[in-house]
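Worksheet: the structure to be examined is printed underneath.
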2 protein chains.
Amino acid sequence: MQMKATLRDVAERSGFSITTVSHVLNDVPGKRIAPDTRETIRRVADELAYRPNQLAQGLRRQRSGTIGFLADSILTTPHAHKVISGAQDAAAEAGSMLLLVSTDGRPELEERGITAFLDRQVDGIVYAATYHRIVTPPPSLRARPAVLLDARTDAAEYPSAVPDEVGSARTAVAELVRAGHRRIGYLGNVDDIPATAGRLAGYRQALAEAGLPWQPAWEVAEASESTGGYRAARAVLDRPDRPTALFCFNDRMALGAYFAVQDLGLAVALDVSIIGFDDQEIISEGVHPGLTTMRLPHYEMGQWGIRTLLSLIDAPSDGPYDPVHFDCPLVRRASVGSPRG
Amino acid sequence: MQMKATLRDVAERSGFSITTVSHVLNDVPGKRIAPDTRETIRRVADELAYRPNQLAQGLRRQRSGTIGFLADSILTTPHAHKVISGAQDAAAEAGSMLLLVSTDGRPELEERGITAFLDRQVDGIVYAATYHRIVTPPPSLRARPAVLLDARTDAAEYPSAVPDEVGSARTAVAELVRAGHRRIGYLGNVDDIPATAGRLAGYRQALAEAGLPWQPAWEVAEASESTGGYRAARAVLDRPDRPTALFCFNDRMALGAYFAVQDLGLAVALDVSIIGFDDQEIISEGVHPGLTTMRLPHYEMGQWGIRTLLSLIDAPSDGPYDPVHFDCPLVRRASVGSPRG
DNA sequence: CTGAAAGCGCTAACAA
DNA sequence: TTGTTAGCGCTTTCAG
């Protein structure tokens with residue numbers, strides 16, 4: 001296995017200087033180089049399968065072609081990888097790659113990760129949360145252009161993208177209204193995060209817009225996972241005046257609601273329509289009948305993040321930056337039907 | 001924001017030469033340097049918050065401190081991130097970082113990803129599948145030390161780690177036997193992957209070892225997701241001589257089985273015990289009652305991969321390499337009970 | 001005990 | 001139209 005060819009190899013083999021070879025291979029503008037020369041050099045480079053050493057290139061150009069991606073957890077939540085996927089695709093378009101660090105709830109890794117990024121001369125840093133959060137990134141983040149995904153700071157210090165919680169919740173409830181439901185409950189959560197207030201507000205707004213009654217008893221808050229959803233659903237559905245449809249804070253709660261509906265001898269869609277939030281496919285596609293839900297625009301946010309970052313790298317700017325809000329598209333499956341009777 | 005300090009800055013500020021500073025900061029062995037000098041240099045480096053530029057270091061040392069991680073899909077399956085997590089932690093221990101590429105079922109990204117890795121002078125490459133597969137990595141992978149995770153080649157060309165499918169399936173079934181079950185069904189799959197034959201074989205072996213009857217009607221194969229699991233479970237449970245326990249190819253099929261059990265008016269654990277495979281927490285913890293299942297040792301495999309890779313980098317070797325088999329630990333939750341009566 | 005000098009592979013002024 | 005030279009920030013002989 002022979003050594004990788006260097007610029008010098010190409011130069012020697014083609015009979016031109018390293019400089020000329022570099023000019024040709026980089027298509028440096030404003031250089032008048034004989035077409036023959038160009039062609040020879042290109043051919044030789046090809047023959048040798050020459051590829052520039054990006055370490056050397058980066059050292060010289062002060063641009064590593066590398067972006068640090070700091071995720072607070074790819075471990076716990078299962079849809080964060082779509083952010084990465086979107087980011088990676090956008091990075092690839094620009095010839096860049098992602099250095100990944102996942103802190104997985106270990107805050108001490110945050111500083112260390114950023115340091116490791118800076119040591120490797122990343123061109124910029126993406127700071128990604130797994131769900132919409134208000135964050136305070138370590139000061140070291142300021143050493144490079146950075147963007148926030150699914151997160152924002154109180155100061156509008158970095159460009160940031162977050163889902164439109166309120167609007168998306170309204171869309172969800174409106175879908176239920178459209179199906180004919182007039183008694184719609186909300187299985188909410190108790191976490192101290194923007195989505196909590198946002199989705200609740202969206203629910204109430206949508207009811208008001210539709211001229212539907214708001215029933216305190218139909219609006220419960222529980223832990224935002226399956227068992228919480230189960231309890232919440234039981235609390236609401238055990239009542240004689242139970243709603244015919246439930247909007248759930250997330251898909252995991254919706255999963256719990258499915259079990260509650262079944263335990264009551266009822267059927268999802270037929271007796272109780274359900275809409276979730278997140279579109280975690282394992283649940284939304286795995287559940288029976290399939291779960292109608294709001295898809296978090298993670299892929300798109302990942303793309304946006306890298307593109308924004310790259311333009312920031314090319315044209316530094318100081319902000320402030322208003323958070324960009326992304327719509328969550330409705331994904332229709334089979335958990336919404338018309339109310340009976 | 002002042003510029004990052006370089007070795008030269010430390011040298012000038014401390015009054016010693018770049019060489020000496022380098023020697024001190026790298027603790028180069030066999031160098032007799034005055035303790036005072038050492039201390040001064042260390043102090044100055046500290047004051048300036050000096051950190052070596054890894055691009056420069058890498059260029060010189062021919063070691064980038066970077067490892068390419070090529071995943072065939074972090075998108076579709078939801079537990080692959082644990083491999084990454086394990087890999088990242090092991091890499092961090094050694095001062096290395098992961099460059100990530102996820103091909104997400106787009107094979108053309110594979111070559112491109114590896115090329116991008118090589119351009120960046122990665123020290124080695126991890127080629128990770130999302131489930132146990134026989135793969136044929138592109139030849140370009142040979143350009144660097146590489147290991148395979150959750151994958152192996154026919155030629156034993158790279159070190160590789162895969163789950164012990166047969167043994168783990170036996171463990172699962174043995175658990176059911178221990179709970180008193182004598183009629184145990186298997187909801188299998190139809191994919192052309194090693195796990196298919198492996199888990200099936202484990203199931204049969206475990207029955208044989210326990211002296212239990214093998215019933216063709218209790219062994220069905222379906223698509224390996226929730227709806228397949230539903231159909232498979234119905235096929236088995238609709239029979240008068242239905243089994244009292246089901247071992248499922250994976251958690252998603254187990255999820256479908258839950259719905260089937262409920263649709264038949266039965267209860268999981270009480271009437272039908274269920275064991276899954278994979279331990280996808282969204283399902284295994286989200287389901288009601290919690291799903292007992294076999295945990296794929298992804299984190300451990302990730303760690304193993306990096307450690308193996310690093311030692312391969314330090315001490316190249318040619319193989320052949322037998323695949324290393326990892327046990328899947330049993331995770332007990334609440335879906336296994338004793339049979340009635 | 002310390003430092004000068006060469007060079008990793010590349011780009012960019014500047015000459016010719 | 002092409003080449004010389006310097007240097008990105010670092011490590012590593014080799015001298016002193």
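To be explicit about the labels: the chains of the structure tokens are called A, B, and onward in the order shown, and within each one the residues are counted from 1, while ligands get numbers from 1 in the order they are shown.
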At most 9 Å is the cut-off: for each residue in chain C with any atom that close to an atom of chain A, write down the nearest atom pair and the distance in Å rounded to one decimal, counting only C-alpha atoms (C1' of nucleotides), chain first then increasing number, as a Markdown table.
| residue | atom | partner | partner_atom | distance |
| --- | --- | --- | --- | --- |
| C:DC8 | C1' | A:Ala56 | CA | 8.0 |
| C:DG9 | C1' | A:Ala56 | CA | 5.0 |
| C:DC10 | C1' | A:Gln57 | CA | 5.1 |
| C:DT11 | C1' | A:Arg60 | CA | 6.2 |
Save the residues we just selected, C-alpha atoms (C1' of nucleotides), as an mmCIF file, in the first residue's frame?
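Writing the result to result_4.cif gives the following:
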data_model
loop_
_atom_site.group_PDB
_atom_site.id
_atom_site.type_symbol
_atom_site.label_atom_id
_atom_site.label_comp_id
_atom_site.auth_asym_id
_atom_site.auth_seq_id
_atom_site.Cartn_x
_atom_site.Cartn_y
_atom_site.Cartn_z
ATOM 1 C "C1'" DC C 8 5.029 17.836 8.012
ATOM 2 C "C1'" DG C 9 1.817 19.490 3.214
ATOM 3 C "C1'" DC C 10 -0.085 23.266 1.839
ATOM 4 C "C1'" DT C 11 -1.233 28.464 0.232
#
Inset, instruction - Fewer than 4 positions away in the same chain doesn't count, so skip those; otherwise give me all residues within 7 Å of Gly68 (chain A), counting only C-alpha atoms (C1' of nucleotides), as a PyMOL selection string. - result: chain A and resi 98-100+117+122+124-126
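A straight line drawn from CA of Val177 (chain B) to CA of Asp150 (chain B) is 28.7 Å long.
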Legend entry - Secondary structure check, helix (DSSP H, G or I) residues of region 81-278 of chain B, as a ChimeraX atom specification: /B:81-93,108-119,139-143,165-178,194-210,216-218,226-237,251-263
Inset, instruction - Up to 9 Å from chain A, what residues of chain B turn up? Count only C-alpha atoms and give them as an MDAnalysis selection string. - result: chainID B and resid 1 51:56 58:59 64:66 74:79 81:82 84:85 88 95:104 115:121 143 225:227 230 252:253 255:256 259 262:263 281:283 285:288
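In this structure, the chain A residues at most 7 Å away from chain D are Ser17, Thr20, Arg32, Ile33, Ala34, Leu59 and Arg60 of chain A, with only C-alpha atoms (C1' of nucleotides) considered.
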Inset, instruction - Kindly give the distance, in Å, that separates CA of Leu200 (chain B) and CA of Glu300 (chain B), rounded to a single decimal. - result: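 Between CA of Leu200 (chain B) and CA of Glu300 (chain B) the gap works out to 24.2 Å.
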Legend entry - Spatial neighbours of Pro163 (chain A), max dist 7 Å, only C-alpha atoms (C1' of nucleotides), sep filter under 3 positions, as a PyMOL selection string: chain A and resi 150+325-328
Residues from the last selection, C-alpha atoms, saved as an mmCIF file, in the first residue's frame:
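Resulting contents of out29.cif:
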data_model
loop_
_atom_site.group_PDB
_atom_site.id
_atom_site.type_symbol
_atom_site.label_atom_id
_atom_site.label_comp_id
_atom_site.auth_asym_id
_atom_site.auth_seq_id
_atom_site.Cartn_x
_atom_site.Cartn_y
_atom_site.Cartn_z
ATOM 1 C CA ASP A 150 -33.731 23.555 19.771
ATOM 2 C CA HIS A 325 -39.460 29.455 14.747
ATOM 3 C CA PHE A 326 -40.038 26.271 12.786
ATOM 4 C CA ASP A 327 -43.478 24.894 12.060
ATOM 5 C CA CYS A 328 -44.207 21.307 12.957
#
Inset, instruction - Per DSSP on the backbone, filter region 100-237 of chain B down to the residues in strand (DSSP E) and report them as a PyMOL selection string. - result: chain B and resi 100-102+124-134+146-152+160-163+184-189+219-222
Inset, instruction - For CA of Arg144 (chain A) and C1' of DA12 (chain C), quote the distance in Å rounded to one decimal. - result: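 Taking CA of Arg144 (chain A) and C1' of DA12 (chain C), their separation equals 24.5 Å.
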Inset, instruction - Would you kindly return, as JSON, numbers by chain, each protein, DNA or RNA residue with an atom no farther than 10 Å from any atom of Val220 (chain B), considering only C-alpha atoms (C1' of nucleotides) and excluding same-chain residues fewer than 3 positions away? - result: {"B": [185, 186, 187, 188, 189, 190, 216, 217, 229, 231, 232, 233, 235, 236]}
Inset, instruction - Tell me, as number ranges by chain, which residues lie within 9 Å of Leu246 (chain B), counting only C-alpha atoms (C1' of nucleotides); anything in the same chain fewer than 3 positions away does not count. - result: B: 173, 176, 183-187, 218, 233, 243, 254, 257, 272-276
Inset, instruction - Mind checking which residues fall within 8 Å of Leu48 (chain B), counting only C-alpha atoms (C1' of nucleotides), ignoring those fewer than 4 positions away in the same chain, and posting them as a ChimeraX atom specification? - result: /B:5,10,44
Could you save the residues just selected, with C-alpha atoms, as an mmCIF file, in the first residue's frame?
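Generated file (out_16.cif):
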data_model
loop_
_atom_site.group_PDB
_atom_site.id
_atom_site.type_symbol
_atom_site.label_atom_id
_atom_site.label_comp_id
_atom_site.auth_asym_id
_atom_site.auth_seq_id
_atom_site.Cartn_x
_atom_site.Cartn_y
_atom_site.Cartn_z
ATOM 1 C CA ALA B 5 -1.668 31.726 22.112
ATOM 2 C CA VAL B 10 4.852 30.935 25.307
ATOM 3 C CA VAL B 44 3.468 31.014 31.356
#
